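This is query-v9.txt (compact mmCIF, C-alpha atoms).
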```txt
# COMPACT_ATOMS: atom_id res chain seq x y z
CA MET A 285 4.91 -21.47 -11.42
CA LYS A 286 1.50 -21.51 -9.72
CA LEU A 287 3.10 -22.71 -6.49
CA LYS A 288 5.55 -19.80 -6.61
CA PHE A 289 2.70 -17.25 -6.83
CA ALA A 290 0.81 -19.00 -4.06
CA PHE A 291 3.86 -18.74 -1.80
CA VAL A 292 4.38 -15.07 -2.64
CA PHE A 293 0.72 -14.31 -1.94
CA ALA A 294 0.88 -16.18 1.36
CA ALA A 295 4.04 -14.35 2.42
CA PHE A 296 2.72 -10.91 1.57
CA GLY A 297 -0.74 -11.73 2.88
CA VAL A 298 0.80 -11.87 6.33
CA LEU A 299 2.28 -8.40 5.85
CA SER A 300 -0.86 -6.87 4.44
CA GLY A 301 -2.86 -8.23 7.35
CA CYS A 302 -1.22 -5.76 9.73
CA ALA A 303 -3.38 -3.40 11.72
CA ALA A 304 -4.46 -0.35 9.78
CA LEU A 305 -2.73 2.91 10.62
CA SER A 306 -4.97 5.77 11.64
CA THR A 307 -4.84 9.42 10.75
CA LEU A 308 -3.59 11.66 13.53
CA GLU A 309 -4.52 14.99 15.04
CA GLY A 310 -2.09 17.79 15.77
CA THR A 311 0.31 19.62 13.52
CA THR A 312 3.32 17.32 13.10
CA VAL A 313 4.42 13.68 13.16
CA SER A 314 7.84 12.29 13.95
CA PRO A 315 10.20 11.01 11.25
CA THR A 316 9.77 7.55 12.81
CA GLN A 317 6.02 7.66 12.17
CA VAL A 318 6.74 8.61 8.55
CA ILE A 319 9.09 5.64 8.18
CA VAL A 320 6.54 3.25 9.68
CA ALA A 321 3.84 4.52 7.32
CA GLY A 322 6.22 4.26 4.35
CA ASN A 323 7.17 0.71 5.26
CA SER A 324 3.51 -0.21 5.65
CA PHE A 325 2.84 1.10 2.16
CA ASP A 326 5.80 -0.88 0.78
CA ALA A 327 4.35 -4.12 2.16
CA VAL A 328 0.86 -3.45 0.82
CA GLU A 329 2.26 -2.28 -2.53
CA ALA A 330 4.15 -5.57 -2.87
CA THR A 331 0.91 -7.50 -2.42
CA ALA A 332 -0.86 -5.35 -5.02
CA THR A 333 2.04 -5.61 -7.46
CA ASN A 334 2.14 -9.38 -7.20
CA TYR A 335 -1.59 -9.53 -7.88
CA LEU A 336 -1.29 -7.19 -10.87
CA ARG A 337 1.45 -9.38 -12.37
CA LEU A 338 -1.02 -12.26 -12.71
CA PRO A 339 -2.58 -12.86 -16.14
CA LEU A 340 -6.08 -11.59 -16.69
CA CYS A 341 -8.92 -14.02 -16.12
CA PRO A 342 -10.27 -16.33 -17.55
CA GLY A 343 -7.03 -17.34 -19.28
CA ALA A 344 -5.42 -18.96 -16.24
CA THR A 345 -6.33 -20.76 -13.06
CA LEU A 346 -4.57 -18.18 -10.89
CA CYS A 347 -5.53 -14.83 -12.41
CA ARG A 348 -6.63 -11.24 -11.79
CA THR A 349 -9.92 -9.70 -12.76
CA ALA A 350 -10.21 -6.59 -14.89
CA GLU A 351 -12.56 -5.07 -12.32
CA ALA A 352 -10.01 -5.48 -9.53
CA THR A 353 -7.22 -4.20 -11.75
CA TYR A 354 -9.15 -0.99 -12.48
CA ALA A 355 -9.72 -0.42 -8.76
CA ILE A 356 -6.24 -1.33 -7.52
CA ILE A 357 -4.01 0.54 -10.01
CA PRO A 358 -5.28 4.06 -9.17
CA ALA A 359 -5.19 3.24 -5.45
CA VAL A 360 -1.54 2.13 -5.72
CA ARG A 361 -0.63 5.28 -7.64
CA ALA A 362 -2.37 7.59 -5.17
CA ALA A 363 -0.76 5.88 -2.17
CA ARG A 364 2.67 5.90 -3.82
CA THR A 365 2.40 9.62 -4.58
CA ALA A 366 1.36 10.40 -1.01
CA ARG A 367 4.14 8.24 0.44
CA ASN A 368 6.74 9.85 -1.83
CA GLN A 369 5.66 13.36 -0.80
CA MET A 370 5.81 12.44 2.87
CA GLU A 371 9.24 10.82 2.57
CA ALA A 372 10.57 13.67 0.41
CA PHE A 373 9.74 16.10 3.21
CA VAL A 374 11.56 13.99 5.79
CA ASN A 375 14.59 13.56 3.50
CA ALA A 376 14.72 17.31 2.83
CA ASN A 377 14.38 18.10 6.55
CA PRO A 378 16.37 15.40 8.41
CA GLY A 379 15.32 14.89 12.00
CA GLN A 380 12.49 17.41 11.75
CA PRO A 381 8.86 16.51 12.29
CA ALA A 382 6.67 16.28 9.18
CA PRO A 383 3.35 18.07 8.74
CA VAL A 384 0.50 15.87 9.92
CA SER A 385 -1.37 16.71 6.70
CA LEU A 386 1.25 14.83 4.63
CA TYR A 387 1.03 11.85 6.99
CA ASN A 388 -2.79 11.82 7.01
CA THR A 389 -2.94 12.02 3.21
CA ALA A 390 -0.59 9.03 2.96
CA ILE A 391 -2.52 7.02 5.56
CA THR A 392 -5.86 7.78 3.89
CA ALA A 393 -4.45 6.64 0.53
CA LEU A 394 -2.90 3.54 2.11
CA ASN A 395 -6.20 2.62 3.78
CA ALA A 396 -8.01 3.09 0.44
CA LEU A 397 -5.52 0.72 -1.20
CA GLU A 398 -5.98 -1.84 1.56
CA SER A 399 -9.75 -1.51 1.16
CA ALA A 400 -9.52 -2.13 -2.61
CA LEU A 401 -7.39 -5.22 -2.01
CA ALA A 402 -9.84 -6.51 0.60
CA GLN A 403 -12.82 -5.84 -1.66
CA TYR A 404 -11.38 -8.21 -4.28
CA ASN A 405 -10.02 -10.66 -1.70
CA VAL A 406 -6.38 -10.00 -2.64
CA LYS A 407 -4.15 -11.36 0.11
```

Take the structure in the file and give it back as structure tokens.
Amino acid sequence: MKLKFAFVFAAFGVLSGCAALSTLEGTTVSPTQVIVAGNSFDAVEATATNYLRLPLCPGATLCRTAEATYAIIPAVRAARTARNQMEAFVNANPGQPAPVSLYNTAITALNALESALAQYNVK
């Protein structure tokens, strides 16, 4: 079982190591940019979810800390909410550009999640 988690962490560690997306200026972003941001969140969320599935320390060799858990859960929720709002706009307005404010909110939340994961060395 420990080997399985190690493999999952290694696989998603590669995905979460992608270059950070930056907020943008202007008034709109393309639907493609929304999809890229959403996919980036999905990869980082998978890493966070796998970490949060670990048992709490010190009960196991491979475990999660309570401190990290309290930092990561709200960051996941905030990023998920922002991503959902951004994607809901694109789904409701097919082919139309999305407001840059929705994109920037999602990217800021995604970067905060990535920062929380890095702070606790979650890869």

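Minimum atom-to-atom distance to Gly322 in chain A, evaluated using only C-alpha atoms, belongs to A:Leu386 out of A:Leu386, A:Ala396, A:Leu401, A:Leu340.
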
>> Please list as a PyMOL selection string every residue within 9 Å of Leu305 in chain A, counting only C-alpha atoms and excluding residues in the same chain fewer than 4 positions away.
In response: chain A and resi 321+324+391-392+394-395

> What does the distance between CA of Ser314 in chain A and CA of Ile357 in chain A come to in Å, to one decimal place?
Replying inline: 29.2 Å

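Between CA of Ala355 in chain A and CA of Tyr404 in chain A there is a distance of 9.1 Å.
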
> To one decimal place, how far is CA of Ala344 in chain A from CA of Ala327 in chain A in Å?
Replying inline: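 Pair CA of Ala344 in chain A / CA of Ala327 in chain A returns 25.6 Å.
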
> Quick one: of A:Asn334, A:Thr345, A:Glu329, A:Val384, who's nearest to Arg361 in chain A, counting only C-alpha atoms?
Replying inline: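 Smallest separation from Arg361 in chain A among the options: A:Glu329.
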
>> Here is a test: counting all atoms listed in the file, which residue of A:Ser385, A:Leu336, A:Ala363, A:Ser306 is nearest to Glu351 in chain A?
In response: A:Leu336

Would you mind listing what lies within 10 Å of Arg337 in chain A as a PDB file with C-alpha atoms, in the frame of the given file, with only C-alpha atoms counted and same-chain residues fewer than 4 positions away left out?
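Contents of around_8.pdb, as written:
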```pdb
ATOM      1  CA  PHE A 289       2.700 -17.250  -6.830  1.00  0.00           C
ATOM      2  CA  ALA A 332      -0.860  -5.350  -5.020  1.00  0.00           C
ATOM      3  CA  THR A 333       2.040  -5.610  -7.460  1.00  0.00           C
ATOM      4  CA  CYS A 347      -5.530 -14.830 -12.410  1.00  0.00           C
ATOM      5  CA  ARG A 348      -6.630 -11.240 -11.790  1.00  0.00           C
TER       6      ARG A 348
END
```

> Given the choices A:Leu308, A:Ala330, A:Ile319, A:Leu346, which gets closest to Val360 in chain A if the distance is worked out from all atoms listed in the file?
Replying inline: A:Ala330

> Which one of A:Phe325, A:Ala362, A:Thr353, A:Asn375 sits closest to Leu338 in chain A if you count all atoms listed in the file?
Replying inline: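 The shortest atom-to-atom distance to Leu338 in chain A comes from A:Thr353.
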
> Of the candidates A:Gly379, A:Pro342, A:Ala352, A:Ala393, which one gets nearest to Thr316 in chain A if we count all atoms listed in the file?
Replying inline: A:Gly379
